[in-house]
Each structure stands twice: as structure tokens, then as C-alpha cells.
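Visitor: Contents of target_3.txt (compact mmCIF, C-alpha atoms) are below:
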```txt
# COMPACT_ATOMS: atom_id res chain seq x y z
CA ALA Q 171 -17.32 -4.28 3.86
CA GLN Q 172 -14.82 -2.87 1.39
CA LYS Q 173 -12.78 -5.56 -0.28
CA ILE Q 174 -9.98 -3.19 -1.31
CA THR Q 175 -9.13 -0.10 0.70
CA GLN Q 176 -6.76 2.66 -0.29
CA THR Q 177 -6.65 5.13 2.57
CA GLN Q 178 -4.64 7.88 0.87
CA PRO Q 179 -6.79 9.89 -1.54
CA GLY Q 180 -3.81 12.04 -2.48
CA MET Q 181 -0.07 12.12 -1.87
CA PHE Q 182 2.86 14.34 -2.72
CA VAL Q 183 6.41 13.12 -3.18
CA GLN Q 184 9.57 14.93 -4.08
CA GLU Q 185 11.16 13.93 -7.37
CA LYS Q 186 13.81 11.19 -6.95
CA GLU Q 187 12.46 10.13 -3.57
CA ALA Q 188 10.65 6.86 -2.84
CA VAL Q 189 6.95 6.71 -2.00
CA THR Q 190 4.66 4.04 -0.58
CA LEU Q 191 1.03 3.77 -1.60
CA ASP Q 192 -1.10 1.81 0.84
CA CYS Q 193 -3.54 -0.96 0.00
CA THR Q 194 -5.35 -3.34 2.32
CA TYR Q 195 -7.69 -6.08 1.22
CA ASP Q 196 -10.30 -8.39 2.64
CA THR Q 197 -10.99 -11.88 1.41
CA SER Q 198 -11.66 -15.33 2.83
CA ASP Q 199 -10.47 -17.06 -0.32
CA PRO Q 200 -6.98 -18.54 0.16
CA SER Q 201 -6.24 -18.07 -3.54
CA TYR Q 202 -6.17 -14.52 -4.82
CA GLY Q 203 -4.10 -12.10 -6.82
CA LEU Q 204 -3.30 -8.47 -6.17
CA PHE Q 205 -2.65 -5.95 -8.92
CA TRP Q 206 -1.56 -2.36 -9.14
CA TYR Q 207 -2.55 -0.17 -12.08
CA LYS Q 208 -1.55 3.38 -12.98
CA GLN Q 209 -4.05 5.73 -14.60
CA PRO Q 210 -2.56 8.94 -16.01
CA SER Q 211 -4.74 11.87 -16.97
CA SER Q 212 -5.26 10.34 -20.41
CA GLY Q 213 -7.44 7.71 -18.74
CA GLU Q 214 -5.82 4.49 -19.81
CA MET Q 215 -5.13 1.87 -17.16
CA ILE Q 216 -1.54 0.65 -17.16
CA PHE Q 217 -0.67 -2.63 -15.44
CA LEU Q 218 2.29 -2.22 -13.08
CA ILE Q 219 2.78 -5.25 -10.87
CA TYR Q 220 1.17 -8.46 -9.61
CA GLN Q 221 1.40 -10.46 -6.39
CA GLY Q 222 -0.13 -13.90 -6.01
CA SER Q 223 -1.36 -15.05 -2.62
CA TYR Q 224 0.98 -18.03 -2.66
CA ASP Q 225 4.04 -16.13 -3.82
CA GLN Q 226 6.81 -16.39 -1.26
CA GLN Q 227 8.68 -13.31 -2.38
CA ASN Q 228 7.56 -9.75 -2.83
CA ALA Q 229 7.01 -8.85 -6.47
CA THR Q 230 9.33 -6.36 -8.15
CA GLU Q 231 9.14 -4.72 -11.58
CA GLY Q 232 11.81 -2.13 -12.23
CA ARG Q 233 11.16 0.83 -9.93
CA TYR Q 234 7.99 -0.77 -8.61
CA SER Q 235 7.94 -3.21 -5.74
CA LEU Q 236 5.10 -4.63 -3.73
CA ASN Q 237 5.38 -4.90 0.04
CA PHE Q 238 3.17 -7.95 0.59
CA GLN Q 239 2.25 -8.61 4.20
CA LYS Q 240 -0.18 -11.50 4.04
CA ALA Q 241 -1.02 -11.71 7.73
CA ARG Q 242 -1.91 -8.03 7.76
CA LYS Q 243 -3.67 -8.30 4.38
CA SER Q 244 -1.73 -5.43 2.95
CA ALA Q 245 -0.11 -5.00 -0.45
CA ASN Q 246 1.55 -1.63 -0.51
CA LEU Q 247 3.15 -0.33 -3.71
CA VAL Q 248 6.60 1.19 -3.38
CA ILE Q 249 7.86 3.44 -6.15
CA SER Q 250 11.55 4.18 -5.93
CA ALA Q 251 13.26 7.25 -7.41
CA SER Q 252 10.01 9.02 -8.29
CA GLN Q 253 9.82 10.76 -11.64
CA LEU Q 254 7.55 13.56 -12.79
CA GLY Q 255 5.87 11.10 -15.13
CA ASP Q 256 4.77 9.05 -12.14
CA SER Q 257 2.13 11.66 -11.34
CA ALA Q 258 -1.15 9.80 -11.86
CA MET Q 259 -3.93 7.90 -10.13
CA TYR Q 260 -2.90 4.52 -8.77
CA PHE Q 261 -5.39 1.72 -8.20
CA CYS Q 262 -4.96 -1.45 -6.21
CA ALA Q 263 -7.13 -4.36 -7.34
CA MET Q 264 -7.83 -7.92 -6.26
CA ARG Q 265 -8.94 -11.01 -8.12
CA GLU Q 266 -10.34 -13.73 -5.89
CA GLY Q 267 -10.22 -17.42 -6.60
CA ARG Q 268 -8.20 -19.57 -8.96
CA ASN Q 269 -10.13 -18.74 -12.11
CA ALA Q 270 -8.16 -16.23 -14.11
CA GLY Q 271 -11.39 -15.01 -15.64
CA ASN Q 272 -12.69 -13.78 -12.32
CA MET Q 273 -13.43 -10.11 -12.02
CA LEU Q 274 -11.16 -7.50 -10.53
CA THR Q 275 -12.31 -5.40 -7.59
CA PHE Q 276 -10.68 -1.99 -7.43
CA GLY Q 277 -9.84 0.25 -4.52
CA GLY Q 278 -10.77 3.91 -4.50
CA GLY Q 279 -7.40 5.00 -5.82
CA THR Q 280 -4.61 7.30 -4.69
CA ARG Q 281 -3.61 10.38 -6.63
CA LEU Q 282 0.16 10.74 -6.60
CA MET Q 283 1.72 14.08 -7.39
CA VAL Q 284 5.47 14.27 -7.92
CA LYS Q 285 7.03 17.64 -7.14
CA PRO Q 286 10.06 18.85 -9.12
CA GLY G 204 2.01 -5.73 -23.29
CA ALA G 205 -1.10 -6.62 -25.20
CA VAL G 206 -2.99 -3.85 -26.96
CA VAL G 207 -6.66 -3.12 -26.50
CA SER G 208 -8.34 -0.35 -28.45
CA GLN G 209 -11.64 1.42 -27.93
CA HIS G 210 -13.66 3.43 -30.37
CA PRO G 211 -14.76 6.15 -30.18
CA SER G 212 -12.53 7.82 -27.63
CA ARG G 213 -15.05 10.55 -27.04
CA VAL G 214 -18.71 10.88 -27.98
CA ILE G 215 -21.35 13.51 -27.38
CA CYS G 216 -24.94 12.59 -28.08
CA LYS G 217 -28.44 13.83 -27.52
CA SER G 218 -30.66 12.40 -24.83
CA GLY G 219 -32.70 9.47 -26.12
CA THR G 220 -30.22 8.28 -28.72
CA SER G 221 -28.19 5.07 -28.59
CA VAL G 222 -24.42 4.94 -28.57
CA LYS G 223 -22.23 1.97 -29.45
CA ILE G 224 -18.71 1.62 -28.04
CA GLU G 225 -16.31 -0.92 -29.52
CA CYS G 226 -13.54 -2.72 -27.68
CA ARG G 227 -10.96 -4.63 -29.70
CA SER G 228 -8.00 -6.75 -28.72
CA LEU G 229 -5.45 -6.03 -31.43
CA ASP G 230 -2.75 -8.64 -30.95
CA PHE G 231 -4.38 -11.42 -28.97
CA GLN G 232 -7.62 -13.32 -28.70
CA ALA G 233 -9.72 -12.19 -25.77
CA THR G 234 -11.78 -14.98 -24.31
CA THR G 235 -13.15 -12.64 -21.67
CA MET G 236 -13.80 -8.93 -21.82
CA PHE G 237 -14.92 -6.68 -19.01
CA TRP G 238 -16.77 -3.37 -19.14
CA TYR G 239 -16.23 -0.77 -16.45
CA ARG G 240 -17.67 2.62 -15.71
CA GLN G 241 -15.75 5.36 -13.99
CA PHE G 242 -17.18 8.61 -12.64
CA PRO G 243 -14.89 11.65 -12.21
CA LYS G 244 -12.38 11.16 -9.42
CA LYS G 245 -13.84 7.76 -8.63
CA SER G 246 -12.73 4.20 -9.00
CA LEU G 247 -13.68 1.72 -11.71
CA MET G 248 -16.97 -0.08 -11.22
CA LEU G 249 -17.45 -3.34 -13.08
CA MET G 250 -20.61 -3.33 -15.17
CA ALA G 251 -20.46 -6.70 -16.85
CA THR G 252 -18.30 -9.60 -17.90
CA SER G 253 -18.62 -11.00 -21.38
CA ASN G 254 -17.31 -14.25 -22.74
CA GLU G 255 -17.07 -14.85 -26.45
CA GLY G 256 -20.17 -16.50 -27.83
CA SER G 257 -22.24 -16.32 -24.67
CA LYS G 258 -24.43 -13.82 -22.86
CA ALA G 259 -22.81 -11.23 -20.69
CA THR G 260 -22.98 -11.45 -16.90
CA TYR G 261 -24.11 -8.16 -15.44
CA GLU G 262 -23.26 -6.84 -12.01
CA GLN G 263 -26.01 -6.09 -9.57
CA GLY G 264 -27.72 -2.81 -10.32
CA VAL G 265 -26.67 -2.66 -13.97
CA GLU G 266 -29.61 -2.74 -16.37
CA LYS G 267 -28.96 -5.30 -19.06
CA ASP G 268 -31.58 -3.79 -21.35
CA LYS G 269 -29.95 -0.40 -21.09
CA PHE G 270 -26.36 -1.52 -21.51
CA LEU G 271 -26.33 -4.10 -24.27
CA ILE G 272 -23.14 -6.11 -24.56
CA ASN G 273 -22.22 -8.27 -27.50
CA HIS G 274 -19.00 -10.32 -27.59
CA ALA G 275 -19.37 -11.72 -31.07
CA SER G 276 -15.77 -12.64 -31.73
CA LEU G 277 -12.53 -13.27 -29.87
CA THR G 278 -11.30 -9.78 -30.73
CA LEU G 279 -14.39 -7.61 -30.45
CA SER G 280 -16.91 -6.70 -27.78
CA THR G 281 -19.41 -3.88 -28.05
CA LEU G 282 -21.31 -1.93 -25.42
CA THR G 283 -24.43 -0.13 -26.57
CA VAL G 284 -25.95 2.47 -24.28
CA THR G 285 -29.59 2.56 -25.32
CA SER G 286 -31.83 5.60 -24.95
CA ALA G 287 -29.03 7.52 -23.30
CA HIS G 288 -29.78 10.00 -20.53
CA PRO G 289 -27.52 12.68 -19.03
CA GLU G 290 -26.91 10.46 -16.00
CA ASP G 291 -25.28 7.92 -18.35
CA SER G 292 -22.49 10.42 -18.98
CA SER G 293 -19.32 8.77 -17.76
CA PHE G 294 -15.99 7.27 -18.72
CA TYR G 295 -16.42 3.72 -20.01
CA ILE G 296 -13.41 1.42 -20.04
CA CYS G 297 -13.11 -2.10 -21.38
CA SER G 298 -10.50 -4.66 -20.54
CA ALA G 299 -9.59 -8.02 -21.97
CA ARG G 300 -7.67 -11.09 -20.95
CA ASP G 301 -6.08 -13.49 -23.34
CA GLY G 302 -7.13 -16.88 -22.05
CA GLY G 303 -4.26 -17.43 -19.68
CA ILE G 304 -1.20 -16.94 -21.83
CA ARG G 305 0.02 -14.03 -19.74
CA PRO G 306 1.95 -15.01 -16.61
CA TYR G 307 -0.33 -13.15 -14.27
CA ASN G 308 -3.52 -13.38 -16.28
CA GLU G 309 -3.68 -9.64 -15.98
CA GLN G 310 -6.35 -7.70 -17.74
CA PHE G 311 -5.30 -5.22 -20.39
CA PHE G 312 -7.34 -2.08 -20.57
CA GLY G 313 -8.51 0.01 -23.46
CA PRO G 314 -7.95 3.77 -23.45
CA GLY G 315 -11.54 4.46 -22.47
CA THR G 316 -14.49 6.26 -24.03
CA ARG G 317 -15.83 9.47 -22.57
CA LEU G 318 -19.56 9.68 -23.12
CA THR G 319 -21.42 12.96 -22.70
CA VAL G 320 -25.19 12.92 -23.04
CA LEU G 321 -26.77 16.34 -23.55
```
Render the structure in this file as C-alpha cells.
Guide:
Amino acid sequence: AQKITQTQPGMFVQEKEAVTLDCTYDTSDPSYGLFWYKQPSSGEMIFLIYQGSYDQQNATEGRYSLNFQKARKSANLVISASQLGDSAMYFCAMREGRNAGNMLTFGGGTRLMVKP
Amino acid sequence: GAVVSQHPSRVICKSGTSVKIECRSLDFQATTMFWYRQFPKKSLMLMATSNEGSKATYEQGVEKDKFLINHASLTLSTLTVTSAHPEDSSFYICSARDGGIRPYNEQFFGPGTRLTVL
């Protein structure tokens, strides 16, 4: 079974509007972390936001927020006030267990295209 | 954020040759480095995890004799693709973590190396 699922291969959003990128995960470990990365066409992976499994509040970082619904095992990324520079691939990833050196498992990614 | 560099950024080689890719953490000591492979329009697939001073741990299906990983220091890990074949053509990305100083223990990624084997 897929550990990280991103069901939207591609999405369009109008500039200045908000957009939600979906991510669901599967783990039996009570301790885990969820990450979102942005990959522009240049290829580098840019860390955006993190949510720990024990965090009580949804994570926020500037225009990025994470809609964490633990019971549903979803960790959707919300980008507010989209900008043209937000056009990129977005990957959701999970690290299982308490060991910070544990590997990341990535979802298939969502390509976001921001329309002017 | 922390800076991770990769060299070269792009390499084209002939089939049968070996190619070495370097991954460096520039402003922190990386106790653990990860090597990923990414095919066009696909996600990142972990190839191996390397800890400084010890042998790398390879993921299932990754040939350790083909993809040699050396993590000789806290700032440098190298991936050598030996006897490269056209099917090894891919985008190789390394990442590093700094031993837990960062609040989320997030991995920082290098810019990637695009390998083309002719």
C-alpha cells in the first residue's frame, strides 16, 4: 500500500487565489512527521512546512498552512494568495518513528500551475 | 536554511564509464546524508542512506556495487555510478540533515545532478 498519496497530478489556480493540495498518509507508527517540499523547474527541493504527529495546532509558515486531520490521516497544504512563482511540483513526505535520521517517503507529487 | 551543494550539476558520459557525484553540506555538519533518484515527472525514490564513517544502507532493489556511496566526512558524501548504462540516466538528488539542530530535523536538499549516459 502507498504510504503517501497525492491524488492530484496537476492543478491550476488563479493568481491571488488560495489553493489546497491534497495529501493522505498511511502509518501505524504513533510518532511521525509530515513535510511539504516545493520543486521548481530548476530541480532543487525547497522545504516549506512541517507537522508533527503530536502537534496540537496546524502548522503555518507565511502563506503556507497545513490542514492536519489526524483521524482522517490527511495533511493538506494550503497556499494562500497564490503567486506566479508558486508554479512548481509539490511533494508531501512522511518520516516515521522518533529517530530524526529516519528516511523520508515521498508522494507522487502535484504540479501546480498559477494562471495570471 | 542550511545549504547543500552538488557537483556536477549536469554530466554526460559514455556507456561503460564511471561518474562521481559529490554532495557537500556547506554550513553545517551532516551526520546523515541521503541519495535519491528521480525520473522525469516522477517522485523521489530513496536509493541509500549514509552515515558518516559507516557503510551506506541501500534500499531494496538498489545495487550497492553499481552505486557506490562514500560518506568520508561530516560535510561530504559521494555517489559513484559505476559502468554507467543509458538506463542509469536520471536526476540524482542528495539531502543532508544536521544531527538534530534544526527544529523539525528536516532534510536539506542539494540542487541535483542530471546524468545522461549515451
Visitor: Give me the residues within 10 Å of Arg242 (chain Q) as a PDB file with C-alpha atoms, in the coordinates of the input, counting all atoms listed in the file and dropping any in the same chain fewer than 4 places off.
Guide:
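Contents of selection_19.pdb, freshly written:
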```pdb
ATOM      1  CA  THR Q 194      -5.350  -3.340   2.320  1.00  0.00           C
ATOM      2  CA  TYR Q 195      -7.690  -6.080   1.220  1.00  0.00           C
ATOM      3  CA  ASP Q 196     -10.300  -8.390   2.640  1.00  0.00           C
ATOM      4  CA  PHE Q 238       3.170  -7.950   0.590  1.00  0.00           C
TER       5      PHE Q 238
END
```
Visitor: As a ChimeraX atom specification, could you give me every residue of chain G near chain Q (at most 10 Å apart, counting only C-alpha atoms)?
Guide: /G:204,234-237,241,244-249,251-252,254,294-303,306-317
Visitor: My list of candidates is Q:Thr230, Q:Ser252, Q:Ser244, Q:Thr197. Which is closest to Pro286 (chain Q) when distances are computed with all atoms listed in the file?
Guide: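 Using all atoms listed in the file, Pro286 (chain Q) sits closest to Q:Ser252.
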Visitor: Show me, as a list in words, the residues that have an atom within 10 Å of His274 (chain G) when counting only C-alpha atoms, minus same-chain residues fewer than 2 positions from it.
Guide: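 With the cut-off at 10 Å, the set is Glu225, Cys226, Ala233, Thr234, Thr235, Met236, Thr252, Ser253, Asn254, Glu255, Gly256, Ser257, Lys258, Ala259, Ile272, Ser276, Leu277, Thr278, Leu279, Ser280, Thr281 and Leu282 of chain G.
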Visitor: Rounded to one decimal place, report the CA of Thr260 (chain G)-CA of Lys217 (chain G) distance in Å.
Guide: 28.0 Å
Visitor: G:Cys216, G:Ala275, G:Val265, G:Leu321: which is nearest Pro289 (chain G), counting all atoms listed in the file?
Guide: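 Comparing G:Cys216, G:Ala275, G:Val265, G:Leu321 against Pro289 (chain G), the winner is G:Leu321.
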Visitor: Considering all atoms listed in the file, can you say which of Q:Ala241, Q:Val284, Q:Ala188, Q:Val183 comes closest to Ser257 (chain Q)?
Guide: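 Residue with the minimum atom-to-atom distance to Ser257 (chain Q): Q:Val284.
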Visitor: Interatomic distance between CA of Lys269 (chain G) and CA of His210 (chain G)?
Guide: 19.1 Å
Visitor: Could you please determine the separation between CA of Cys193 (chain Q) and CA of Leu247 (chain Q) in Å, to one decimal place?
Guide: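 These two atoms are separated by 7.7 Å.
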Visitor: My list of candidates is G:Ser228, G:Val206, G:Val320, G:Lys223. Which is closest to Ala287 (chain G) when distances are computed with only C-alpha atoms?
Guide: G:Val320
Visitor: Quick one: residues within 6 Å of Val248 (chain Q), all atoms listed in the file counted, chain neighbours fewer than 4 positions away excluded, as a list in words?
Guide: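 Result of the neighbour search: Val189, Thr190, Tyr234 and Ser235 of chain Q.
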